[in-house]
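**Q** What follows is the file coords_20.txt, containing compact mmCIF, C-alpha atoms and all ligand atoms:
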# COMPACT_ATOMS: atom_id res chain seq x y z
CA MET A 79 66.68 30.93 66.36
CA LYS A 80 65.69 27.60 67.92
CA THR A 81 62.94 25.36 66.57
CA VAL A 82 61.61 22.31 68.39
CA PHE A 83 60.22 19.55 66.16
CA ILE A 84 57.84 17.20 67.96
CA ASN A 85 57.10 13.82 66.44
CA CYS A 86 53.67 13.02 67.91
CA SER A 87 53.13 9.61 66.33
CA PRO A 88 52.55 6.92 68.96
CA LYS A 89 54.32 4.41 66.70
CA GLU A 90 57.81 3.33 67.66
CA ARG A 91 59.03 2.74 64.13
CA PHE A 92 58.18 3.55 60.50
CA CYS A 93 55.91 6.49 61.23
CA ALA A 94 55.05 8.93 58.47
CA SER A 95 55.41 11.89 60.85
CA ALA A 96 59.12 11.11 61.25
CA TYR A 97 59.56 11.26 57.48
CA PHE A 98 57.83 14.63 57.08
CA LEU A 99 59.68 16.09 60.06
CA PHE A 100 62.98 14.87 58.57
CA LEU A 101 62.17 16.77 55.36
CA GLN A 102 61.01 19.82 57.31
CA ARG A 103 64.31 19.96 59.21
CA LEU A 104 66.23 19.92 55.92
CA PHE A 105 64.32 23.02 54.85
CA THR A 106 64.59 24.92 58.17
CA GLY A 107 67.56 26.96 59.38
CA GLY A 108 68.88 27.71 62.88
CA THR A 109 69.15 25.39 65.88
CA LYS A 110 66.95 22.32 65.53
CA VAL A 111 65.82 20.01 68.32
CA TYR A 112 63.92 16.80 67.60
CA GLU A 113 61.66 15.30 70.27
CA LYS A 114 59.23 12.39 70.44
CA LEU A 115 55.87 12.54 72.17
CA ARG A 116 54.58 9.02 72.71
CA THR A 117 53.70 8.84 76.41
CA PRO A 118 53.03 11.33 79.24
CA ALA A 119 56.59 10.64 80.45
CA ASP A 120 57.88 12.50 77.36
CA GLN A 121 56.00 15.72 78.18
CA ALA A 122 58.31 17.33 80.76
CA GLY A 123 61.43 17.06 78.60
CA ILE A 124 59.67 18.64 75.61
CA LEU A 125 58.29 21.51 77.68
CA GLU A 126 61.78 22.28 78.98
CA GLN A 127 63.03 22.51 75.39
CA LEU A 128 60.33 25.11 74.65
CA ARG A 129 61.64 27.58 77.23
CA ASP A 130 64.25 29.18 74.94
CA ALA A 131 62.71 28.24 71.59
CA GLN A 132 61.16 30.61 69.06
CA ALA A 133 59.15 28.06 67.10
CA VAL A 134 57.61 24.64 67.52
CA VAL A 135 56.57 22.27 64.73
CA PHE A 136 54.13 19.47 65.56
CA GLY A 137 54.37 16.46 63.22
CA LEU A 138 51.34 14.30 63.82
CA PRO A 139 48.94 11.76 62.35
CA MET A 140 45.26 12.63 62.04
CA TYR A 141 43.07 10.30 64.11
CA VAL A 142 39.28 10.27 63.56
CA ASP A 143 39.23 13.71 61.90
CA GLY A 144 41.26 15.27 64.69
CA VAL A 145 44.26 15.39 67.01
CA PRO A 146 45.18 12.04 68.68
CA SER A 147 44.18 11.95 72.36
CA HIS A 148 47.70 11.71 73.77
CA VAL A 149 48.62 14.89 71.86
CA LEU A 150 45.57 16.72 73.25
CA ARG A 151 46.79 15.84 76.74
CA PHE A 152 50.15 17.36 75.95
CA MET A 153 48.58 20.50 74.45
CA GLU A 154 46.68 21.14 77.68
CA GLU A 155 49.91 20.87 79.66
CA MET A 156 51.68 23.08 77.14
CA GLU A 157 48.95 25.73 77.38
CA VAL A 158 49.49 26.03 81.13
CA PHE A 159 53.30 25.93 80.78
CA CYS A 160 53.35 28.65 78.11
CA ARG A 161 51.05 30.92 80.10
CA GLU A 162 52.98 30.47 83.35
CA ASN A 163 56.32 31.17 81.66
CA LYS A 164 54.92 33.84 79.32
CA LEU A 165 56.36 32.10 76.27
CA CYS A 166 55.83 33.58 72.81
CA LEU A 167 56.27 30.80 70.29
CA ASN A 168 55.28 30.43 66.66
CA VAL A 169 53.35 27.18 66.27
CA TYR A 170 53.34 25.21 62.99
CA CYS A 171 52.02 21.77 62.24
CA ILE A 172 52.49 19.00 59.70
CA ALA A 173 49.48 16.71 59.84
CA ASN A 174 49.21 13.59 57.75
CA ASN A 175 46.28 11.27 57.22
CA GLY A 176 45.68 7.86 55.69
CA PHE A 177 43.05 8.89 53.13
CA ILE A 178 44.21 10.64 50.01
CA GLU A 179 42.64 14.06 50.56
CA GLY A 180 44.95 16.25 52.63
CA LYS A 181 42.02 18.65 53.03
CA GLN A 182 40.51 16.19 55.53
CA ASN A 183 42.99 17.64 58.05
CA GLU A 184 41.07 20.95 58.21
CA PRO A 185 39.28 20.29 61.56
CA LEU A 186 42.62 19.30 63.09
CA MET A 187 44.23 22.52 61.86
CA GLN A 188 41.40 24.55 63.41
CA VAL A 189 42.00 22.84 66.75
CA PHE A 190 45.64 23.99 66.59
CA GLU A 191 44.51 27.51 65.75
CA ASN A 192 42.14 27.53 68.74
CA PHE A 193 44.89 26.08 70.93
CA CYS A 194 47.17 28.99 70.00
CA SER A 195 44.50 31.57 70.85
CA ARG A 196 43.98 30.00 74.27
CA SER A 197 47.69 29.69 74.99
CA GLY A 198 48.77 33.17 73.88
CA LEU A 199 50.90 31.63 71.11
CA THR A 200 51.20 32.67 67.47
CA TRP A 201 49.60 30.33 64.94
CA GLY A 202 51.97 30.00 61.99
CA GLY A 203 49.93 27.52 59.97
CA GLY A 204 50.61 24.07 58.66
CA VAL A 205 50.57 21.52 55.89
CA GLY A 206 47.90 18.80 55.74
CA ILE A 207 49.15 15.80 53.79
CA GLY A 208 46.89 13.13 52.30
CA GLY A 209 48.14 9.60 51.70
CA GLY A 210 50.71 9.80 54.51
CA VAL A 211 51.13 6.04 54.86
CA MET A 212 51.83 5.61 51.18
CA LEU A 213 54.24 8.56 51.05
CA ASN A 214 56.09 6.94 53.92
CA VAL A 215 56.28 3.75 51.84
CA THR A 216 57.90 5.76 49.01
CA ARG A 217 60.68 6.74 51.41
CA ILE A 218 61.24 3.06 52.29
CA LEU A 219 61.20 2.10 48.58
CA PHE A 220 63.81 4.79 47.91
CA ILE A 221 66.10 3.29 50.57
CA VAL A 222 65.54 -0.19 49.06
CA ASP A 223 66.45 1.24 45.62
CA ILE A 224 69.73 2.61 46.97
CA GLY A 225 70.48 -0.79 48.50
CA LEU A 226 69.78 -2.54 45.20
CA LEU A 227 72.00 -0.11 43.33
CA ALA A 228 74.84 -0.74 45.79
CA LEU A 229 74.35 -4.51 45.47
CA ASN A 230 74.34 -4.36 41.67
CA THR A 231 77.48 -2.23 41.69
CA VAL A 232 79.31 -4.73 43.93
CA LEU A 233 78.16 -7.65 41.75
CA SER A 234 79.27 -5.81 38.64
CA ILE A 235 82.73 -5.08 40.11
CA VAL A 236 83.15 -8.70 41.20
CA ASN A 237 81.87 -10.20 37.95
CA THR A 238 83.19 -7.85 35.27
CA GLY A 239 85.38 -5.28 37.03
CA ASP A 240 82.98 -2.52 35.88
CA PHE A 241 82.57 0.19 38.55
CA PHE A 242 79.62 1.85 36.77
CA PRO A 243 76.92 -0.67 35.78
CA LYS A 244 74.90 1.57 33.46
CA ALA A 245 71.69 -0.50 33.38
CA ALA A 246 71.50 -0.54 37.18
CA TRP A 247 71.97 3.25 37.33
CA ILE A 248 69.27 3.86 34.72
CA GLY A 249 66.86 1.62 36.62
CA PHE A 250 67.66 3.48 39.84
CA ALA A 251 67.22 6.90 38.25
CA GLU A 252 63.83 5.92 36.79
CA ASN A 253 62.53 4.65 40.13
CA ALA A 254 63.90 7.62 42.02
CA ALA A 255 62.29 10.07 39.58
CA LEU A 256 58.90 8.37 40.00
CA LEU A 257 59.13 8.36 43.80
CA LEU A 258 60.22 11.99 43.74
CA TYR A 259 57.22 12.87 41.58
CA PHE A 260 54.80 11.34 44.14
CA ASN A 261 56.36 13.58 46.80
CA LEU A 262 56.51 16.86 44.84
CA GLY A 263 53.53 18.54 46.54
CA VAL A 264 54.88 17.72 49.97
CA LEU A 265 58.41 18.87 49.12
CA PHE A 266 57.14 22.15 47.72
CA TYR A 267 55.00 23.12 50.71
CA LEU A 268 57.51 21.95 53.31
CA ALA A 269 60.24 23.95 51.56
CA VAL A 270 58.12 27.11 51.60
CA MET A 271 57.05 26.54 55.20
CA GLY A 272 60.67 25.90 56.24
CA ARG A 273 61.72 29.28 54.89
CA LEU A 274 58.93 31.02 56.81
CA ILE A 275 59.63 29.09 60.04
CA SER A 276 63.25 30.25 59.84
CA LYS A 277 62.10 33.85 59.38
CA GLY A 278 59.42 33.58 62.08
CA GLU A 279 56.67 34.40 59.60
CA TYR A 280 53.11 33.24 58.95
CA PHE A 281 52.59 30.40 56.48
CA GLY A 282 48.84 29.69 56.60
CA LYS A 283 47.04 26.40 55.94
CA ARG A 284 47.95 24.38 52.87
CA TYR A 285 46.80 20.96 51.78
CA THR A 286 48.52 18.48 49.52
CA ARG A 287 48.64 14.74 48.88
CA ILE A 288 50.53 11.95 47.24
CA LEU A 289 50.41 12.79 43.53
CA ILE A 290 48.50 9.82 42.15
CA PRO A 291 44.85 9.48 41.06
CA SER A 292 42.58 8.55 43.95
CA PHE A 293 41.11 5.40 42.36
CA VAL A 294 44.64 4.01 41.91
CA PHE A 295 45.36 4.97 45.51
CA ILE A 296 42.27 3.11 46.77
CA LEU A 297 43.28 0.02 44.81
CA PHE A 298 46.76 0.06 46.39
CA ALA A 299 45.34 0.74 49.86
CA ASP A 300 42.96 -2.23 49.56
CA ILE A 301 45.76 -4.52 48.35
CA PHE A 302 47.97 -3.31 51.21
CA PHE A 303 45.32 -4.16 53.81
CA ILE A 304 44.54 -7.54 52.24
CA ILE A 305 48.21 -8.53 52.37
CA THR A 306 48.70 -7.32 55.97
CA SER A 307 45.46 -9.01 57.05
CA VAL A 308 46.66 -12.31 55.56
CA LEU A 309 50.09 -11.96 57.22
CA GLU A 310 48.60 -10.96 60.58
CA GLY A 311 45.76 -13.48 60.39
CA GLY A 312 42.78 -11.10 60.72
CA ILE A 313 41.39 -12.26 57.38
CA PHE A 314 40.69 -15.68 58.91
CA LYS A 315 38.97 -14.23 61.98
CA GLY A 316 35.79 -12.67 60.62
CA TRP A 317 37.67 -9.92 58.87
CA LEU A 318 34.72 -7.79 57.73
CA ALA A 319 32.02 -9.37 59.89
CA ARG A 320 29.83 -7.57 62.41
CA LYS A 321 31.17 -8.52 65.82
CA GLU A 322 28.58 -8.59 68.60
CA MET B 278 20.25 1.39 70.37
CA LYS B 279 21.35 4.70 71.82
CA VAL B 280 24.93 4.84 73.09
CA ILE B 281 26.20 7.65 75.28
CA ILE B 282 29.91 8.39 75.63
CA HIS B 283 30.65 10.93 78.36
CA ASP B 284 33.45 12.39 80.43
CA LEU B 285 31.23 13.35 83.38
CA GLY B 286 31.79 12.32 86.99
CA PRO B 287 30.01 9.43 88.80
CA GLU B 288 27.29 11.84 90.03
CA TYR B 289 25.81 11.81 86.51
CA GLU B 290 25.94 8.03 86.12
CA ALA B 291 22.31 7.34 87.09
CA LEU B 292 20.93 9.95 84.69
CA ILE B 293 23.10 8.74 81.81
CA GLU B 294 22.26 5.06 82.37
CA GLU B 295 18.56 5.91 82.39
CA ARG B 296 18.79 7.72 79.03
CA CYS B 297 20.57 5.11 76.90
CA GLY B 298 20.96 1.46 75.98
CA LYS B 299 24.65 1.49 76.74
CA ALA B 300 26.95 4.05 78.36
CA VAL B 301 30.69 4.38 77.89
CA ALA B 302 32.38 6.32 80.69
CA ALA B 303 35.35 8.26 79.34
CA ASP B 304 37.10 8.23 82.70
CA GLY B 305 40.62 8.24 81.28
CA LYS B 306 41.45 4.88 82.88
CA TYR B 307 42.65 3.34 79.62
CA ALA B 308 45.52 3.66 77.19
CA PRO B 309 45.66 5.80 74.04
CA CYS B 310 45.61 4.13 70.61
CA GLN B 311 49.05 2.90 69.50
CA GLY B 312 48.21 3.21 65.78
CA CYS B 313 48.89 -0.46 64.93
CA PHE B 314 45.67 -1.15 62.91
CA GLY B 315 45.46 -4.57 64.66
CA CYS B 316 41.69 -3.94 65.12
CA TRP B 317 41.47 -4.27 61.33
CA THR B 318 44.20 -6.69 60.35
CA LYS B 319 44.88 -8.97 63.32
CA HIS B 320 41.85 -9.30 65.63
CA PRO B 321 38.93 -7.52 63.89
CA ALA B 322 36.92 -5.05 65.99
CA GLU B 323 39.00 -5.72 69.08
CA CYS B 324 42.06 -4.01 70.56
CA PHE B 325 45.19 -5.79 71.73
CA MET B 326 45.20 -3.68 74.90
CA LYS B 327 43.23 -5.37 77.66
CA ASP B 328 41.46 -2.44 79.29
CA SER B 329 37.91 -1.08 79.42
CA LEU B 330 38.05 -0.04 75.74
CA GLN B 331 39.17 -3.40 74.34
CA GLN B 332 35.67 -4.15 72.97
CA VAL B 333 34.43 -0.57 72.51
CA CYS B 334 34.05 -0.94 68.71
CA ARG B 335 31.49 -3.65 69.28
CA VAL B 336 29.42 -1.35 71.51
CA MET B 337 29.65 1.68 69.23
CA GLY B 338 28.95 -0.48 66.19
CA GLN B 339 25.48 -1.34 67.58
CA ALA B 340 24.50 2.34 67.95
CA ASP B 341 21.72 3.86 65.82
CA GLU B 342 22.24 7.04 67.74
CA ILE B 343 25.41 8.11 69.48
CA VAL B 344 25.46 10.95 71.99
CA ILE B 345 28.83 12.28 73.07
CA VAL B 346 28.91 14.47 76.16
CA THR B 347 32.24 16.26 76.33
CA ARG B 348 34.05 19.17 77.87
CA ASN B 349 35.21 21.63 75.18
CA LEU B 350 38.91 21.48 74.38
CA TYR B 351 40.01 23.88 71.60
CA GLY B 352 36.77 23.26 69.68
CA GLY B 353 37.09 19.50 69.93
CA TYR B 354 36.54 16.59 72.30
CA SER B 355 38.27 16.35 75.67
CA SER B 356 41.25 14.04 75.52
CA ALA B 357 39.46 11.33 77.55
CA VAL B 358 36.58 11.29 75.03
CA LYS B 359 38.89 11.52 72.03
CA ASN B 360 40.77 8.51 73.38
CA VAL B 361 37.54 6.48 73.18
CA LEU B 362 36.96 7.62 69.59
CA ASP B 363 40.56 6.83 68.60
CA ARG B 364 40.14 3.32 69.95
CA SER B 365 36.92 2.77 67.96
CA ILE B 366 38.11 2.63 64.34
CA GLY B 367 37.31 -1.10 64.25
CA THR B 368 33.67 -0.04 63.67
CA SER B 369 34.75 0.34 60.06
CA THR B 370 36.68 -2.11 57.88
CA PRO B 371 40.09 -1.60 56.28
CA PHE B 372 38.45 -1.36 52.84
CA SER B 373 38.04 2.05 51.24
CA THR B 374 35.14 3.61 49.40
CA TYR B 375 33.88 7.08 48.43
CA ARG B 376 31.42 8.84 50.75
CA GLY B 377 30.47 12.48 50.32
CA GLY B 378 32.87 12.69 47.35
CA GLN B 379 35.88 11.71 49.47
CA MET B 380 37.68 8.59 50.54
CA HIS B 381 36.43 6.81 53.68
CA HIS B 382 36.30 3.25 54.98
CA THR B 383 33.40 0.86 54.46
CA LEU B 384 31.30 0.25 57.54
CA ARG B 385 31.47 -3.00 59.50
CA TYR B 386 28.04 -2.33 61.06
CA GLY B 387 26.35 -0.50 58.19
CA LYS B 388 24.78 2.96 58.33
CA HIS B 389 23.87 4.66 61.61
CA ASP B 390 21.40 7.48 62.20
CA LEU B 391 22.51 10.36 64.46
CA TRP B 392 25.91 11.61 65.70
CA LYS B 393 25.07 14.07 68.45
CA VAL B 394 27.56 16.04 70.51
CA VAL B 395 26.67 17.79 73.75
CA VAL B 396 29.40 20.25 74.70
CA TYR B 397 29.92 21.89 78.09
CA GLY B 398 32.57 24.28 79.41
CA ASP B 399 33.82 27.67 78.31
CA ILE B 400 33.81 28.00 74.51
CA SER B 401 34.58 30.74 71.96
CA ASP B 402 32.71 31.36 68.69
CA ALA B 403 35.63 30.04 66.66
CA GLU B 404 35.66 26.88 68.77
CA LYS B 405 31.91 26.43 68.21
CA ASP B 406 32.50 26.56 64.45
CA THR B 407 35.29 24.00 64.73
CA PHE B 408 33.05 21.70 66.77
CA ARG B 409 30.16 21.85 64.29
CA TYR B 410 32.54 21.13 61.44
CA THR B 411 34.23 18.28 63.30
CA ALA B 412 30.88 16.63 64.13
CA GLU B 413 29.85 16.83 60.47
CA ARG B 414 33.13 15.26 59.41
CA ASN B 415 32.84 12.53 62.05
CA ALA B 416 29.30 11.69 60.95
CA LEU B 417 30.44 11.30 57.36
CA ASN B 418 33.59 9.36 58.28
CA ASP B 419 31.75 6.93 60.58
CA GLY B 420 28.63 6.55 58.42
CA TYR B 421 26.01 8.53 60.34
CA GLU B 422 23.11 10.09 58.39
CA ARG B 423 23.17 13.36 60.33
CA SER B 424 25.00 15.27 63.02
CA GLU B 425 23.92 17.71 65.69
CA VAL B 426 25.88 19.79 68.19
CA VAL B 427 24.37 21.29 71.35
CA PHE B 428 26.30 23.80 73.47
CA LEU B 429 25.33 23.89 77.14
CA ASN B 430 25.69 27.04 79.22
CA ASP B 431 26.16 24.77 82.20
CA LEU B 432 25.48 21.19 83.22
CA THR B 433 22.04 21.97 84.68
CA GLU B 434 20.90 21.93 81.04
CA LEU B 435 22.25 18.41 80.51
CA GLU B 436 19.09 16.47 81.26
CA ALA B 437 17.10 18.31 78.60
CA ALA B 438 19.87 17.76 76.02
CA LEU B 439 20.19 13.98 76.36
C1 LIG A 501 43.03 5.49 65.46
C2 LIG A 501 43.31 5.98 64.07
C3 LIG A 501 42.41 6.84 63.46
C4 LIG A 501 42.65 7.32 62.17
N1 LIG A 501 41.74 8.15 61.60
C5 LIG A 501 41.94 8.59 60.35
C6 LIG A 501 40.98 9.41 59.71
O1 LIG A 501 39.94 9.76 60.28
N2 LIG A 501 41.22 9.81 58.43
C7 LIG A 501 42.37 9.47 57.76
O2 LIG A 501 42.53 9.88 56.63
N3 LIG A 501 43.31 8.70 58.36
C8 LIG A 501 43.11 8.24 59.62
N4 LIG A 501 44.05 7.45 60.21
C9 LIG A 501 45.28 7.11 59.48
C10 LIG A 501 46.49 7.87 59.96
O3 LIG A 501 46.28 9.25 59.87
C11 LIG A 501 47.68 7.49 59.08
O4 LIG A 501 47.93 6.12 59.27
C12 LIG A 501 48.93 8.28 59.35
O5 LIG A 501 49.78 8.15 58.23
C13 LIG A 501 49.71 7.83 60.56
O6 LIG A 501 50.84 8.67 60.73
P1 LIG A 501 52.11 8.21 61.58
O7 LIG A 501 52.73 7.07 60.82
O8 LIG A 501 52.99 9.39 61.64
O9 LIG A 501 51.64 7.77 62.92
C14 LIG A 501 43.82 6.94 61.49
C15 LIG A 501 44.72 6.06 62.10
C16 LIG A 501 44.48 5.58 63.37
C17 LIG A 501 45.46 4.64 64.00
Take the structure in the file and write it out as structure tokens.
**A**
Amino acid sequence: MKTVFINCSPKERFCASAYFLFLQRLFTGGTKVYEKLRTPADQAGILEQLRDAQAVVFGLPMYVDGVPSHVLRFMEEMEVFCRENKLCLNVYCIANNGFIEGKQNEPLMQVFENFCSRSGLTWGGGVGIGGGVMLNVTRILFIVDIGLLALNTVLSIVNTGDFFPKAAWIGFAENAALLLYFNLGVLFYLAVMGRLISKGEYFGKRYTRILIPSFVFILFADIFFIITSVLEGGIFKGWLARKE
Amino acid sequence: MKVIIHDLGPEYEALIEERCGKAVAADGKYAPCQGCFGCWTKHPAECFMKDSLQQVCRVMGQADEIVIVTRNLYGGYSSAVKNVLDRSIGTSTPFSTYRGGQMHHTLRYGKHDLWKVVVYGDISDAEKDTFRYTAERNALNDGYERSEVVFLNDLTELEAAL
């Protein structure tokens, strides 16, 4: 059983799709191949990987209520390739969007369903995840937390010879539990989908999101964009103005 | 102003130009969005990539009515047309608000009137449903009062649909 995971984010680094595909691979059995689709030059290599695969999982961002244009280009190529080589693959997708409602991925999911019908492939379903950017930040915060714990442990050994600084561990556990809570919906659906991918079965469409209230989410999103716009300078260049 | 975005060949140029204030040819001679959000946070309503879509937000922002002529692809826009849409998110601002009971961005250019999609090419019933739904979602997301989708049997019907 071979599954090809395609990270379709055009971003080079820190993309949410990479995070969700990392989780999905943890929950999926068999041979796993991870590919990136950023430019047309990546297409041929991915198509070759599909030849002997049983399943393919697209991990992608939602752009303007749909599939990003460079992914559509690939899908057209893949349709022809699958027909010519009479491939029977199960197709799954993990779509994430910036807004909090995962349900906003529904039109994108339908496009994948229609793509499968045209290509003679089996639609296995997918997970639509709201608040993808912020969930990706929770992963980064978790890594920072591990770093802090390591640093505190070293400091504690140097200063007092104590190998187990209790306060630092409690702080770490509290943060980790909170970050885990935000991700529970995602973890649950990806775990279930992983099991079904491994068995070659149908999952259907499911929607989830970062588990925080939406007004809190909007507040954080606005603060995030204010800070980045200050750092990148856009705020001083007619940030919200109509531009003729 | 009426803006037409289309993926048709040069033979339709004269007709399109005659029917709108501004036409955007989705000829595929431009790069896909890189997802950097620079058109919000670095150089508002402008892309860092210096091609024909660098200023496309500023054109689409001025539209009361937008007409998108596209080949059907899986119940959505052709990739050349979708590329234009992906590069146009600078028509909104990075700030969030609620519209239609869900989260969306506030609008740099205020409310628009009509989001109309004219679809040609072979299409199934399921794809038609997806297209209608997508156009509705786009209209809400981009701040258009209403949406409309027209399916052409062939391009001879184009003139009447514009
Ligand atoms: C061009 C563009 C269009 C987008 N359109 C939407 C949208 O319509 N709705 C939404 O919720 N998020 C939208 N987003 C946000 C992305 O879905 C979000 O940033 C996602 O987490 C990116 O995933 P990635 O890091 O894997 O690339 C858009 C982002 C870009 C760059």
**Q** Any chance you could tabulate, as a Markdown table, the residues of chain A at most 9 Å from ligand LIG 501 (chain A) with each one's nearest atom pair and distance in Å to one decimal, using only C-alpha atoms and all ligand atoms, in chain and rising number order?
**A**
| residue | atom | partner | partner_atom | distance |
| --- | --- | --- | --- | --- |
| A:Asn85 | CA | A:LIG501 | O8 | 7.7 |
| A:Cys86 | CA | A:LIG501 | O8 | 7.3 |
| A:Ser87 | CA | A:LIG501 | O9 | 4.2 |
| A:Pro88 | CA | A:LIG501 | O9 | 6.2 |
| A:Lys89 | CA | A:LIG501 | O9 | 5.7 |
| A:Glu90 | CA | A:LIG501 | O9 | 9.0 |
| A:Arg91 | CA | A:LIG501 | O7 | 8.3 |
| A:Phe92 | CA | A:LIG501 | O7 | 6.5 |
| A:Cys93 | CA | A:LIG501 | O7 | 3.3 |
| A:Ala94 | CA | A:LIG501 | O7 | 3.8 |
| A:Ser95 | CA | A:LIG501 | O8 | 3.6 |
| A:Ala96 | CA | A:LIG501 | O8 | 6.4 |
| A:Tyr97 | CA | A:LIG501 | O8 | 8.0 |
| A:Phe98 | CA | A:LIG501 | O8 | 8.5 |
| A:Gly137 | CA | A:LIG501 | O8 | 7.4 |
| A:Leu138 | CA | A:LIG501 | O8 | 5.6 |
| A:Pro139 | CA | A:LIG501 | O6 | 4.0 |
| A:Met140 | CA | A:LIG501 | O3 | 4.1 |
| A:Tyr141 | CA | A:LIG501 | N1 | 3.6 |
| A:Val142 | CA | A:LIG501 | O1 | 3.4 |
| A:Asp143 | CA | A:LIG501 | O1 | 4.3 |
| A:Gly144 | CA | A:LIG501 | O1 | 7.2 |
| A:Pro146 | CA | A:LIG501 | C1 | 7.6 |
| A:Ala173 | CA | A:LIG501 | O3 | 8.1 |
| A:Asn174 | CA | A:LIG501 | O5 | 5.5 |
| A:Asn175 | CA | A:LIG501 | O3 | 3.3 |
| A:Gly176 | CA | A:LIG501 | N3 | 3.7 |
| A:Phe177 | CA | A:LIG501 | O2 | 3.7 |
| A:Ile178 | CA | A:LIG501 | O2 | 6.9 |
| A:Glu179 | CA | A:LIG501 | O2 | 7.4 |
| A:Gly180 | CA | A:LIG501 | O2 | 7.9 |
| A:Gln182 | CA | A:LIG501 | O2 | 6.7 |
| A:Asn183 | CA | A:LIG501 | O2 | 7.9 |
| A:Ile207 | CA | A:LIG501 | O5 | 8.9 |
| A:Gly208 | CA | A:LIG501 | O2 | 7.0 |
| A:Gly209 | CA | A:LIG501 | O5 | 6.9 |
| A:Gly210 | CA | A:LIG501 | O5 | 4.2 |
| A:Val211 | CA | A:LIG501 | O5 | 4.2 |
| A:Met212 | CA | A:LIG501 | O5 | 7.8 |
| A:Leu213 | CA | A:LIG501 | O5 | 8.5 |
| A:Asn214 | CA | A:LIG501 | O7 | 7.7 |
**Q** Provide as a count of residues only the residues of chain B at most 8 Å from chain A, counting all atoms listed in the file.
**A** 43
**Q** Could you jot down the atom CA of B:Val426 to atom CA of B:Ile293 separation for me, Å, one decimal place?
**A**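 Between atom CA of B:Val426 and atom CA of B:Ile293 the gap is 17.8 Å.
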**Q** Report the distance between atom CA of B:Ser369 and atom CA of B:Asp341 in Å, rounded to one decimal place.
**A**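 Taking atom CA of B:Ser369 as the start and atom CA of B:Asp341 as the end point, the length is 14.7 Å.
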**Q** Just checking: using only C-alpha atoms, which residue out of B:Leu432, B:Ser365, B:Cys324, B:Tyr354 ends up closest to B:Arg409?
**A**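 Closest to B:Arg409 of all the choices is B:Tyr354.
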**Q** Nearest to B:Asp284 among B:Arg348, B:His389, B:Arg376, B:Arg296, with distances taken over all atoms listed in the file: which residue is it?
**A**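 Ranked by minimum distance to B:Asp284, first place goes to B:Arg348.
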**Q** Please indicate the distance in Å from atom CA of B:Phe325 to atom CA of A:Val215, rounded to one decimal place.
**A**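 These two atoms are separated by 24.7 Å.
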**Q** Can you report as AutoDock Vina command-line options the centre and edge lengths in Å, to one decimal, of an axis-aligned box around the listed atoms of stretch 301-313 of chain A padded with 5 Å on each side?
**A**
--center_x 45.7 --center_y -8.4 --center_z 54.5 --size_x 18.7 --size_y 20.2 --size_z 22.4
**Q** Measuring between all atoms listed in the file, which one of A:Met156, A:Cys171, A:Val264, A:Leu165 shows the shortest distance to A:Thr286?
**A**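 Checking each candidate against A:Thr286, we get A:Val264 as the closest.
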**Q** Please work out which residues fall within 10 Å of (25.5, 27.4, 78.2), coordinates as given in the file, with all atoms listed in the file counting, and return them as a PyMOL selection string.
**A** chain B and resi 396-400+427-435
**Q** Name all residues at most 9 Å from stretch 285-292 of chain B (count all atoms listed in the file; drop same-chain ones fewer than 4 positions away) and give them as a PyMOL selection string.
**A** chain B and resi 296+300+302-304+346-348+436
